[in-house]
Structures are given as structure tokens and as C-alpha cells.
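This is coords_26.txt (compact mmCIF, C-alpha atoms).
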```txt
# COMPACT_ATOMS: atom_id res chain seq x y z
CA MET Z 1 -143.91 -138.06 60.46
CA ALA Z 2 -147.54 -138.62 61.40
CA SER Z 3 -148.61 -141.86 63.08
CA ASN Z 4 -151.77 -143.23 64.66
CA THR Z 5 -149.85 -144.21 67.80
CA PRO Z 6 -146.89 -141.84 67.94
CA ASN Z 7 -143.84 -142.81 69.98
CA LEU Z 8 -143.14 -140.09 72.54
CA GLU Z 9 -139.97 -141.65 73.98
CA CYS Z 10 -136.63 -140.53 72.61
CA ARG Z 11 -133.11 -139.61 73.72
CA MET Z 12 -132.20 -135.93 73.72
CA TYR Z 13 -129.11 -136.21 71.53
CA GLU Z 14 -128.34 -137.79 68.18
CA ALA Z 15 -125.72 -140.15 69.63
CA ARG Z 16 -127.35 -143.21 71.19
CA TYR Z 17 -124.68 -143.49 73.87
CA PRO Z 18 -122.52 -140.93 75.68
CA GLU Z 19 -118.80 -140.64 75.08
CA VAL Z 20 -116.22 -141.93 77.57
CA ASP Z 21 -114.96 -139.21 79.97
CA MET Z 22 -118.16 -137.25 79.46
CA ALA Z 23 -120.24 -136.02 82.41
CA VAL Z 24 -123.90 -137.08 82.17
CA MET Z 25 -126.97 -136.48 84.32
CA ILE Z 26 -128.35 -139.57 86.02
CA GLN Z 27 -131.11 -140.55 88.40
CA VAL Z 28 -130.51 -143.31 90.94
CA LYS Z 29 -133.01 -146.16 90.52
CA ASN Z 30 -131.93 -148.75 93.07
CA ILE Z 31 -128.95 -149.81 95.16
CA ALA Z 32 -127.68 -153.39 94.84
CA ASP Z 33 -124.91 -155.42 96.52
CA MET Z 34 -122.07 -154.06 94.38
CA GLY Z 35 -123.30 -150.65 93.34
CA ALA Z 36 -126.14 -148.44 92.25
CA TYR Z 37 -128.22 -148.84 89.11
CA VAL Z 38 -129.07 -145.51 87.49
CA SER Z 39 -130.91 -144.09 84.48
CA LEU Z 40 -129.15 -141.75 82.06
CA LEU Z 41 -131.74 -138.97 81.80
CA GLU Z 42 -130.39 -137.47 78.58
CA TYR Z 43 -130.30 -140.83 76.79
CA ASN Z 44 -133.92 -141.95 77.18
CA ASN Z 45 -133.24 -143.48 80.61
CA ILE Z 46 -130.93 -146.25 79.43
CA GLU Z 47 -129.36 -148.06 82.38
CA GLY Z 48 -125.90 -147.53 83.82
CA MET Z 49 -124.10 -148.65 86.96
CA ILE Z 50 -121.92 -146.96 89.57
CA LEU Z 51 -119.79 -149.42 91.54
CA PHE Z 52 -119.37 -148.61 95.21
CA SER Z 53 -115.65 -148.19 94.57
CA GLU Z 54 -116.50 -145.28 92.24
CA LEU Z 55 -118.63 -143.39 94.75
CA SER Z 56 -115.91 -141.54 96.64
CA ARG Z 57 -112.14 -141.05 96.80
CA ARG Z 58 -112.35 -141.43 100.56
CA ARG Z 59 -113.18 -144.47 102.64
CA ILE Z 60 -116.91 -145.14 102.50
CA ARG Z 61 -118.49 -145.20 105.93
CA SER Z 62 -122.09 -144.99 104.79
CA VAL Z 63 -123.32 -145.63 101.24
CA SER Z 64 -126.60 -143.86 101.98
CA SER Z 65 -124.75 -140.62 102.71
CA LEU Z 66 -123.19 -140.70 99.22
CA ILE Z 67 -126.00 -141.90 97.02
CA LYS Z 68 -129.78 -142.11 97.43
CA VAL Z 69 -132.59 -143.54 95.33
CA GLY Z 70 -134.29 -140.80 93.33
CA ARG Z 71 -131.40 -138.35 93.45
CA GLN Z 72 -130.33 -136.66 90.22
CA GLU Z 73 -126.68 -135.67 89.77
CA PRO Z 74 -123.85 -135.57 87.22
CA VAL Z 75 -121.43 -138.51 87.00
CA MET Z 76 -118.50 -139.41 84.71
CA VAL Z 77 -118.71 -142.08 81.99
CA LEU Z 78 -115.96 -144.69 82.42
CA ARG Z 79 -116.85 -147.39 79.88
CA VAL Z 80 -119.51 -147.94 77.22
CA ASP Z 81 -120.20 -151.39 75.76
CA LYS Z 82 -122.57 -150.57 72.91
CA GLU Z 83 -123.07 -154.24 71.97
CA LYS Z 84 -124.12 -155.37 75.45
CA GLY Z 85 -125.55 -152.00 76.48
CA TYR Z 86 -123.36 -151.76 79.59
CA ILE Z 87 -122.39 -148.31 80.83
CA ASP Z 88 -120.03 -147.94 83.79
CA LEU Z 89 -120.10 -144.62 85.62
CA SER Z 90 -118.17 -142.87 88.36
CA LYS Z 91 -119.21 -140.28 90.90
CA ARG Z 92 -115.78 -139.79 92.43
CA ARG Z 93 -114.05 -138.89 89.16
CA VAL Z 94 -116.33 -136.05 88.06
CA ALA Z 95 -114.69 -132.64 88.55
CA GLU Z 96 -116.45 -129.51 89.81
CA GLU Z 97 -116.17 -127.79 86.42
CA ASP Z 98 -117.64 -130.89 84.74
CA ILE Z 99 -120.56 -130.81 87.17
CA ALA Z 100 -121.36 -127.18 86.32
CA THR Z 101 -121.09 -127.82 82.57
CA CYS Z 102 -123.25 -130.93 82.77
CA GLU Z 103 -125.97 -129.24 84.82
CA GLU Z 104 -126.13 -126.28 82.44
CA ARG Z 105 -126.32 -128.54 79.38
CA TYR Z 106 -128.95 -130.78 80.97
CA ASN Z 107 -131.19 -127.88 81.99
CA LYS Z 108 -131.10 -126.54 78.43
CA SER Z 109 -131.67 -129.99 76.92
CA LYS Z 110 -134.54 -130.70 79.31
CA LEU Z 111 -136.35 -127.53 78.21
CA VAL Z 112 -135.80 -128.34 74.52
CA HIS Z 113 -137.01 -131.90 75.11
CA SER Z 114 -140.13 -130.70 76.92
CA ILE Z 115 -141.06 -128.42 74.02
CA MET Z 116 -140.36 -131.09 71.40
CA ARG Z 117 -142.35 -133.73 73.29
CA HIS Z 118 -145.33 -131.43 73.75
CA VAL Z 119 -145.41 -130.61 70.04
CA ALA Z 120 -145.10 -134.29 69.12
CA GLU Z 121 -147.91 -135.22 71.49
CA THR Z 122 -150.33 -132.47 70.44
CA MET Z 123 -149.62 -132.89 66.71
CA GLN Z 124 -149.62 -136.72 66.86
CA LEU Z 125 -146.03 -137.07 65.68
CA ASP Z 126 -143.28 -139.56 66.40
CA LEU Z 127 -140.87 -137.75 68.76
CA GLU Z 128 -137.75 -139.33 67.28
CA GLU Z 129 -138.83 -138.32 63.78
CA LEU Z 130 -139.26 -134.75 65.01
CA TYR Z 131 -135.76 -134.87 66.49
CA ILE Z 132 -134.32 -136.34 63.27
CA HIS Z 133 -135.72 -133.56 61.09
CA VAL Z 134 -135.65 -130.61 63.52
CA GLY Z 135 -133.95 -131.12 66.89
CA TRP Z 136 -130.71 -132.85 65.94
CA PRO Z 137 -130.00 -130.69 62.86
CA LEU Z 138 -130.32 -127.65 65.13
CA TYR Z 139 -127.93 -129.27 67.63
CA ARG Z 140 -125.41 -129.80 64.83
CA LYS Z 141 -125.72 -126.28 63.42
CA TYR Z 142 -125.93 -124.23 66.64
CA GLY Z 143 -124.05 -126.40 69.12
CA HIS Z 144 -127.26 -126.82 71.12
CA ALA Z 145 -130.89 -126.65 70.02
CA PHE Z 146 -131.52 -124.31 72.97
CA GLU Z 147 -129.45 -121.62 71.22
CA ALA Z 148 -131.51 -122.08 68.04
CA PHE Z 149 -134.76 -121.92 70.01
CA LYS Z 150 -133.67 -118.56 71.49
CA LEU Z 151 -133.22 -117.22 67.95
CA ILE Z 152 -136.59 -118.65 66.89
CA VAL Z 153 -138.32 -116.42 69.44
CA ALA Z 154 -137.35 -113.36 67.39
CA ASP Z 155 -136.89 -114.79 63.87
CA PRO Z 156 -138.59 -118.18 63.45
CA ASP Z 157 -138.74 -118.28 59.64
CA THR Z 158 -135.00 -117.85 59.09
CA ILE Z 159 -134.17 -120.73 61.41
CA LEU Z 160 -136.94 -123.21 60.62
CA ASP Z 161 -137.28 -122.62 56.87
CA SER Z 162 -133.65 -123.69 56.43
CA LEU Z 163 -134.53 -127.20 57.63
CA THR Z 164 -135.38 -129.74 54.96
CA ARG Z 165 -135.88 -133.48 54.60
CA GLU Z 166 -135.82 -135.95 51.76
CA VAL Z 167 -138.88 -137.91 50.65
CA LYS Z 168 -139.12 -140.58 48.01
CA GLU Z 169 -142.00 -140.59 45.54
CA ALA Z 170 -142.82 -141.98 42.14
CA GLY Z 171 -141.74 -139.83 39.19
CA PRO Z 172 -143.58 -139.32 35.88
CA ASP Z 173 -141.97 -142.43 34.45
CA GLY Z 174 -142.95 -144.52 37.46
CA LYS Z 175 -139.43 -144.65 38.87
CA GLU Z 176 -138.76 -143.62 42.46
CA VAL Z 177 -137.20 -140.19 42.84
CA THR Z 178 -135.92 -138.31 45.87
CA LYS Z 179 -137.41 -134.92 46.55
CA VAL Z 180 -136.29 -132.28 49.07
CA VAL Z 181 -139.19 -130.72 51.01
CA PRO Z 182 -139.49 -128.50 54.11
CA ALA Z 183 -138.80 -130.41 57.32
CA LEU Z 184 -142.06 -129.17 58.85
CA THR Z 185 -145.58 -128.67 57.64
CA GLU Z 186 -147.02 -125.23 58.31
CA GLU Z 187 -149.23 -126.65 61.07
CA VAL Z 188 -146.32 -128.30 62.91
CA LYS Z 189 -144.13 -125.25 62.36
CA ASP Z 190 -146.77 -122.97 63.89
CA ALA Z 191 -147.20 -125.31 66.87
CA LEU Z 192 -143.45 -125.43 67.46
CA ILE Z 193 -143.08 -121.63 67.24
CA LYS Z 194 -146.00 -121.12 69.60
CA ASN Z 195 -144.52 -123.48 72.20
CA ILE Z 196 -141.03 -122.03 71.92
CA LYS Z 197 -142.28 -118.48 72.38
CA ARG Z 198 -144.46 -119.49 75.31
CA ARG Z 199 -141.64 -121.30 77.11
CA MET Z 200 -138.61 -119.21 76.15
CA THR Z 201 -139.72 -115.59 75.95
CA PRO Z 202 -137.86 -113.92 78.86
CA GLN Z 203 -140.08 -112.96 81.78
CA PRO Z 204 -139.32 -109.82 83.80
CA MET Z 205 -138.03 -110.48 87.30
CA LYS Z 206 -138.65 -108.31 90.34
CA ILE Z 207 -135.69 -106.78 92.16
CA ARG Z 208 -136.22 -105.48 95.68
CA ALA Z 209 -134.28 -103.70 98.42
CA ASP Z 210 -135.37 -102.97 102.00
CA ILE Z 211 -134.21 -99.80 103.77
CA GLU Z 212 -134.84 -97.86 106.94
CA MET Z 213 -135.05 -94.10 106.46
CA LYS Z 214 -135.33 -91.54 109.28
CA CYS Z 215 -135.18 -87.74 109.42
CA PHE Z 216 -135.78 -85.96 112.76
CA GLN Z 217 -135.33 -82.44 111.40
CA PHE Z 218 -138.19 -79.96 111.04
CA ASP Z 219 -140.18 -80.88 107.91
CA GLY Z 220 -138.68 -84.35 108.07
CA VAL Z 221 -141.53 -85.82 106.03
CA LEU Z 222 -140.78 -83.36 103.24
CA HIS Z 223 -137.16 -84.45 103.20
CA ILE Z 224 -138.17 -88.12 103.06
CA LYS Z 225 -140.53 -87.34 100.18
CA GLU Z 226 -137.70 -85.58 98.40
CA ALA Z 227 -135.47 -88.62 98.90
CA MET Z 228 -138.20 -90.90 97.54
CA ARG Z 229 -138.62 -88.72 94.45
CA LYS Z 230 -134.86 -88.78 93.86
CA ALA Z 231 -134.87 -92.57 94.15
CA GLU Z 232 -137.68 -93.00 91.63
CA ALA Z 233 -135.96 -90.55 89.27
CA THR Z 234 -132.99 -92.94 88.97
CA GLY Z 235 -135.18 -95.45 87.16
CA ASN Z 236 -135.64 -95.70 83.40
CA ASP Z 237 -138.08 -97.22 80.92
CA ASP Z 238 -136.42 -100.64 81.23
CA CYS Z 239 -136.09 -100.49 85.03
CA PRO Z 240 -138.69 -98.15 86.60
CA VAL Z 241 -138.08 -97.65 90.34
CA LYS Z 242 -140.91 -97.63 92.88
CA ILE Z 243 -140.53 -96.94 96.60
CA LYS Z 244 -143.20 -97.76 99.14
CA LEU Z 245 -143.63 -97.26 102.87
CA VAL Z 246 -144.13 -100.51 104.79
CA ALA Z 247 -144.23 -99.02 108.28
CA PRO Z 248 -142.07 -96.18 109.59
CA PRO Z 249 -139.14 -96.27 109.21
CA LEU Z 250 -139.14 -99.28 106.82
CA TYR Z 251 -139.41 -98.77 103.04
CA VAL Z 252 -139.07 -101.11 100.07
CA LEU Z 253 -137.66 -100.21 96.67
CA THR Z 254 -138.65 -102.36 93.70
CA THR Z 255 -138.10 -102.58 89.96
CA GLN Z 256 -138.92 -105.10 87.25
CA THR Z 257 -136.44 -105.96 84.53
CA LEU Z 258 -135.28 -108.64 82.11
CA ASP Z 259 -131.68 -108.00 83.14
CA LYS Z 260 -130.99 -108.96 86.76
CA GLU Z 261 -127.63 -107.17 86.97
CA GLN Z 262 -129.10 -103.99 85.52
CA GLY Z 263 -131.98 -104.10 87.99
CA ILE Z 264 -129.64 -104.52 90.96
CA GLN Z 265 -127.50 -101.61 89.75
CA VAL Z 266 -130.53 -99.34 89.28
CA LEU Z 267 -131.75 -100.01 92.83
CA THR Z 268 -128.21 -99.49 94.15
CA ASN Z 269 -128.20 -96.08 92.45
CA ALA Z 270 -131.67 -95.34 93.89
CA ILE Z 271 -130.46 -96.11 97.42
CA GLN Z 272 -127.44 -93.86 96.86
CA ALA Z 273 -129.73 -91.03 95.73
CA CYS Z 274 -131.89 -91.49 98.84
CA THR Z 275 -128.82 -91.52 101.08
CA GLU Z 276 -127.45 -88.27 99.65
CA VAL Z 277 -130.73 -86.42 100.31
CA ILE Z 278 -131.23 -87.84 103.82
CA ASP Z 279 -127.61 -87.25 104.83
CA GLY Z 280 -127.93 -83.66 103.59
CA HIS Z 281 -130.73 -83.12 106.10
CA LYS Z 282 -128.94 -84.91 108.96
CA GLY Z 283 -131.14 -87.95 108.66
CA LYS Z 284 -130.14 -91.61 108.51
CA LEU Z 285 -130.59 -94.39 105.96
CA VAL Z 286 -129.75 -98.02 106.73
CA VAL Z 287 -129.88 -100.79 104.12
CA LYS Z 288 -131.67 -103.73 105.76
CA GLU Z 289 -131.69 -105.96 102.67
CA ALA Z 290 -129.49 -105.22 99.65
CA PRO Z 291 -130.99 -105.29 96.14
CA ARG Z 292 -131.76 -108.88 95.11
CA ALA Z 293 -134.16 -110.84 92.93
CA VAL Z 294 -137.30 -111.87 94.79
CA SER Z 295 -139.91 -114.52 94.14
CA GLU Z 296 -143.69 -114.39 94.14
CA ARG Z 297 -143.56 -115.95 97.61
CA ASP Z 298 -141.46 -113.02 98.87
CA ASP Z 299 -144.02 -110.60 97.43
CA ASN Z 300 -146.85 -112.46 99.12
CA LEU Z 301 -145.05 -112.41 102.47
CA LEU Z 302 -144.49 -108.66 102.16
CA ALA Z 303 -148.13 -108.07 101.22
CA GLN Z 304 -149.26 -110.20 104.17
CA HIS Z 305 -146.97 -108.26 106.53
CA MET Z 306 -148.30 -104.92 105.28
CA LYS Z 307 -151.88 -106.16 105.66
CA GLN Z 308 -151.21 -107.15 109.26
CA LEU Z 309 -149.71 -103.74 109.98
CA ASN Z 310 -152.72 -102.00 108.44
CA GLU Z 311 -155.11 -104.13 110.49
CA SER Z 312 -153.15 -103.34 113.65
CA ASN Z 313 -153.30 -99.63 112.86
CA ALA Z 314 -157.04 -99.88 112.20
CA ASP Z 315 -157.58 -101.53 115.59
CA VAL Z 316 -155.71 -98.71 117.33
CA ASP Z 317 -157.55 -95.99 115.39
CA GLY Z 318 -160.90 -97.52 116.30
CA ASP Z 319 -160.26 -97.54 120.06
CA ASP Z 320 -162.97 -95.20 121.37
CA ASP Z 321 -161.55 -95.29 124.91
CA SER Z 322 -158.28 -93.68 123.85
CA GLU Z 323 -157.90 -90.16 125.17
CA GLU Z 324 -155.38 -89.19 122.51
CA GLU Z 325 -155.47 -89.94 118.82
CA ASP Z 326 -152.12 -91.19 117.49
CA THR Z 327 -152.27 -90.69 113.75
CA GLY Z 328 -148.61 -91.58 113.13
CA MET Z 329 -147.21 -91.02 109.67
CA GLY Z 330 -149.69 -93.18 107.80
CA ASP Z 331 -148.97 -93.79 104.12
CA ILE Z 332 -146.57 -91.26 102.69
CA ASP Z 333 -147.84 -89.57 99.55
CA ILE Z 334 -144.80 -88.29 97.67
CA ASP Z 335 -146.82 -85.60 95.94
CA GLY Z 336 -149.24 -84.89 98.83
CA PRO Z 337 -149.26 -82.18 101.49
CA SER Z 338 -146.31 -81.66 103.80
CA GLY Z 339 -145.96 -82.88 107.36
CA VAL Z 340 -143.41 -83.25 110.13
CA HIS Z 341 -141.60 -86.52 110.89
CA GLU Z 342 -140.97 -86.47 114.59
```
Using C-alpha cells, write down the structure from this file.
Amino acid sequence: MASNTPNLECRMYEARYPEVDMAVMIQVKNIADMGAYVSLLEYNNIEGMILFSELSRRRIRSVSSLIKVGRQEPVMVLRVDKEKGYIDLSKRRVAEEDIATCEERYNKSKLVHSIMRHVAETMQLDLEELYIHVGWPLYRKYGHAFEAFKLIVADPDTILDSLTREVKEAGPDGKEVTKVVPALTEEVKDALIKNIKRRMTPQPMKIRADIEMKCFQFDGVLHIKEAMRKAEATGNDDCPVKIKLVAPPLYVLTTQTLDKEQGIQVLTNAIQACTEVIDGHKGKLVVKEAPRAVSERDDNLLAQHMKQLNESNADVDGDDDSEEEDTGMGDIDIDGPSGVHE
């Protein structure tokens, strides 16, 4: 498979052309007098065309509102002329369920293709050869190479050692014989495993909920601390719960997990535990933001907000002209000394 100038361009699937009535992912290249010329992203950017009559079931008032250069979207295959290389496509005939199926397949295929291309490039291999001996056999056996790659993360040898290829070499008598050998050398196999694990090992996501919690009873701070302890106790090894004061009466609950639904349920249980304690002491808990997955940007915004609040508090505390010192609640220490929340 090695080559001095490896070819790194290849379609994602074994078939050179898509099937009729199949939804495919395209990117619009340019708009002509009769329609739009597009590239089929899953088939090494071969060209297809969408006639204006296939853009919408309704009367077209503005072509630019229906299709734009650079846009990627699923369309339906109407006709394929393999001899001339013509592919006619339709946007108006693709159903909602076909769109969802196409997008899911394309996202999986794009990740597989990215891994395969990176291995081919770093190991100086022809990408199509790598697909012939590894990618497409996995597509045939597992329905999609993405499913095989997920298994490789945990058990690479079982999946990859089953792949073989045939090579021809001269036998003892000088005649050409066919020999079955492993599809991958150990070096290429190691590179592929390393890339798959780096790109496909699940990463924990952060789940967060925002609440307001108040308790105006005597020893209110103690009751809030009790509620916070109850909330954190609802967590487990897979989904540990943390609760932090932003600024009275706003608190955030967070957990990290590989399972989004489990994380949301754990924080829901934590909020319920908080509510039961606070209600029992005639306090009040209001959910400002329900449990949801948050991004790094959300975390940064929260950290920035907390920093601004701390700086504002520091400015007030450092005012020498103030006749009275307003200490407020400060940061609540769940295990620290008691206080009164007024």
C-alpha cells in the first residue's frame, strides 16, 4: 500500500455512485441558468445538478432563499448516468426522515474518513488502498465503519486482526502464488488504533443547573448548608454532584458524565433533595435554569460573572469611608461554622 506520492483523495463508500432514491449530502458550488451545480461530499466531490424545478414544491419567488453557494444539505438522487457521469438531484423530494438519516450517516462517515485520511497521510499510504483493505470491509461487516471503530476503542485486535488481503509472490518453483496476509502492518495498525482512540473515546460532558435558594428562618445558613449536603449526596462515582454559590441567592449545581441523560437525572434528583430540605424549613427554592449540557463557553461566562461579583465585593469591602461593614454571606462553606441567613 505504500507509495512515494500517496493519493489522499477517495470516496467514503465502496460504491462509486449513489443509488437512485437515496439521500446524499451535497455542497452547492455555483448557480447557473437552469439550476445549481453541487459536489457530492460522500463520493469524493463528484458533480451533480439540481434543476430549479427540483428546488421546491411551491412556486419559487427567490432562488437565493432556497439554495446558496457553500451550503451543505441532504438532497435526493433522481438519476445516475454512470457512463456520462451525470447525477440529477432533487431538494424538494427529500423527506424529513431521509434528511435525519442522511445527516447521521454523513457525520459518522466524515469522522471515519478523517481518521482514515490522517493515517494514510502520516504513514504515506494510498487512501483508496487503505479503504479497500480496511474501511470498506468494515462497512460490509458492521453496516458502517463507525460502528467497527467504536468496538476498536475497547478491543482493537479482535476487529483488525480479522482483516486480510491477498498478495501475489513467486513460489519455490518460480510460479506465481497467492498468499493471504494481514491487511495491515503492525506500524499502520498501531497508527490506526491510536487515531481511533484519540478521536472516538467518549469525553465527559458537563451538566449544569442554576437555582435560587433562600431561607429566612433562624440559622438559615445552616439549613442551606444542609440542603447543599443533601444535593451532593445524590451523586455517585459516575456522576458526582457539586454545588457552588455564585452570589446569594444564586447557586449552580454541576456534574460530569459520559451519559447525558443520566447526568440530567442526577441533577434533577439533587434539586429535589435541596427542595425537600428548604421547604421543610419554610424556605424557597426556584429553578432558574433546568439541568442541561453546557459548553466550555458557558463555563467561561460563569467564571467571568463570578469574577466580576468578587471584584465588586472587594471594592465595597475596601471602602474606608463606610461607617458600617456589610460582610454579607460571602462564600458558603458546607462544612464550616454556622451563621444566620437574614
For range 232-244 of chain Z: contacts at 8 Å, all atoms listed in the file, fewer than 6 positions along chain excluded, given as an MDAnalysis selection string: chainID Z and resid 251:257 262:263 266:267 269:270 273
For Glu276 in chain Z: contacts at 12 Å, all atoms listed in the file, fewer than 4 positions along chain excluded, given as a list in words: Met213, His223, Ile224, Glu226, Ala227, Met228, Lys230, Ala231, Asn269, Ala270, Ile271, Gln272, Gly280, His281, Lys282, Gly283, Lys284 and Leu285 of chain Z
All residues 10 Å or closer to Asp33 in chain Z, all atoms listed in the file, same chain fewer than 2 positions away omitted, as number ranges by chain: Z: 31, 35-36, 51-52
Export, as a short mmCIF file (atom, residue, chain, number, x, y, z; two decimals), in the frame of the given file, the selected residues with C-alpha atoms.
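Output file out_7.cif follows:
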```cif
data_model
loop_
_atom_site.label_atom_id
_atom_site.label_comp_id
_atom_site.auth_asym_id
_atom_site.auth_seq_id
_atom_site.Cartn_x
_atom_site.Cartn_y
_atom_site.Cartn_z
CA ILE Z 31 -128.95 -149.81 95.16
CA GLY Z 35 -123.30 -150.65 93.34
CA ALA Z 36 -126.14 -148.44 92.25
CA LEU Z 51 -119.79 -149.42 91.54
CA PHE Z 52 -119.37 -148.61 95.21
#
```
Of the listed residues Z:Trp136, Z:Leu192, Z:Glu166, Z:Asp98, that which approaches Thr178 in chain Z most closely, counting only C-alpha atoms: Z:Glu166
Straight-line distance linking CA of Ala100 in chain Z with CA of Tyr142 in chain Z, stated in Å to one decimal: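 These atoms are spaced 20.4 Å apart.
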Closest atom pairs, residues of range 138-218 of chain Z within 8 Å of range 110-121 of chain Z, all atoms listed in the file, as JSON lines:
```
{"residue": "Z:Ala145", "atom": "CA", "partner": "Z:Val112", "partner_atom": "CA", "distance": 6.9}
{"residue": "Z:Phe146", "atom": "CA", "partner": "Z:Val112", "partner_atom": "CA", "distance": 6.1}
{"residue": "Z:Phe149", "atom": "CA", "partner": "Z:Val112", "partner_atom": "CA", "distance": 7.9}
{"residue": "Z:Val188", "atom": "CA", "partner": "Z:Val119", "partner_atom": "CA", "distance": 7.5}
{"residue": "Z:Ala191", "atom": "CA", "partner": "Z:Val119", "partner_atom": "CA", "distance": 6.4}
{"residue": "Z:Leu192", "atom": "CA", "partner": "Z:Val119", "partner_atom": "CA", "distance": 6.1}
{"residue": "Z:Asn195", "atom": "CA", "partner": "Z:Ile115", "partner_atom": "CA", "distance": 6.3}
{"residue": "Z:Ile196", "atom": "CA", "partner": "Z:Ile115", "partner_atom": "CA", "distance": 6.7}
{"residue": "Z:Arg199", "atom": "CA", "partner": "Z:Ile115", "partner_atom": "CA", "distance": 7.8}
```
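The space between CA of Pro291 in chain Z and CA of Thr101 in chain Z spans 28.1 Å.
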Separation of CA of His144 in chain Z from CA of Arg105 in chain Z in Å: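 A separation of 8.5 Å between them.
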Nearest candidate to Tyr37 in chain Z (options Z:Ile67, Z:Ile99, Z:Ile264, Z:Met22; using only C-alpha atoms):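 Of Z:Ile67, Z:Ile99, Z:Ile264, Z:Met22, the one nearest Tyr37 in chain Z is Z:Ile67, counting only C-alpha atoms.
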Long-range neighbours of Asn44 in chain Z as a PyMOL selection string, 9 Å cut-off, only C-alpha atoms, 6 positions minimum in chain: chain Z and resi 9-12+16
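Here the question is which of Z:Tyr43, Z:Ala247, Z:Leu125, Z:Arg58 gets nearest to Gln308 in chain Z using all atoms listed in the file, and that residue is Z:Ala247.
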Near-Ile46 in chain Z list (10 Å; all atoms listed in the file; drop same-chain fewer than 4 positions) as a list in words: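 Everything that qualifies: Arg11, Arg16, Tyr17, Ile26, Val38, Ser39, Leu40, Leu41, Glu42, Gly85, Tyr86 and Ile87 of chain Z.
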Residue selection dump (C-alpha atoms) as a compact mmCIF listing (two decimals), in the frame of the given file:
```txt
# COMPACT_ATOMS: atom_id res chain seq x y z
CA ARG Z 11 -133.11 -139.61 73.72
CA ARG Z 16 -127.35 -143.21 71.19
CA TYR Z 17 -124.68 -143.49 73.87
CA ILE Z 26 -128.35 -139.57 86.02
CA VAL Z 38 -129.07 -145.51 87.49
CA SER Z 39 -130.91 -144.09 84.48
CA LEU Z 40 -129.15 -141.75 82.06
CA LEU Z 41 -131.74 -138.97 81.80
CA GLU Z 42 -130.39 -137.47 78.58
CA GLY Z 85 -125.55 -152.00 76.48
CA TYR Z 86 -123.36 -151.76 79.59
CA ILE Z 87 -122.39 -148.31 80.83
```
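In terms of minimum interatomic distance to Met49 in chain Z, Z:Asp88 ranks closest within Z:Asp88, Z:Asp279, Z:Glu73, Z:Glu14, counting all atoms listed in the file.
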Of the listed residues Z:Arg93, Z:Arg292, Z:Arg57, Z:Lys189, that which approaches Met205 in chain Z most closely, counting all atoms listed in the file: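 Ranked by minimum distance to Met205 in chain Z, first place goes to Z:Arg292.
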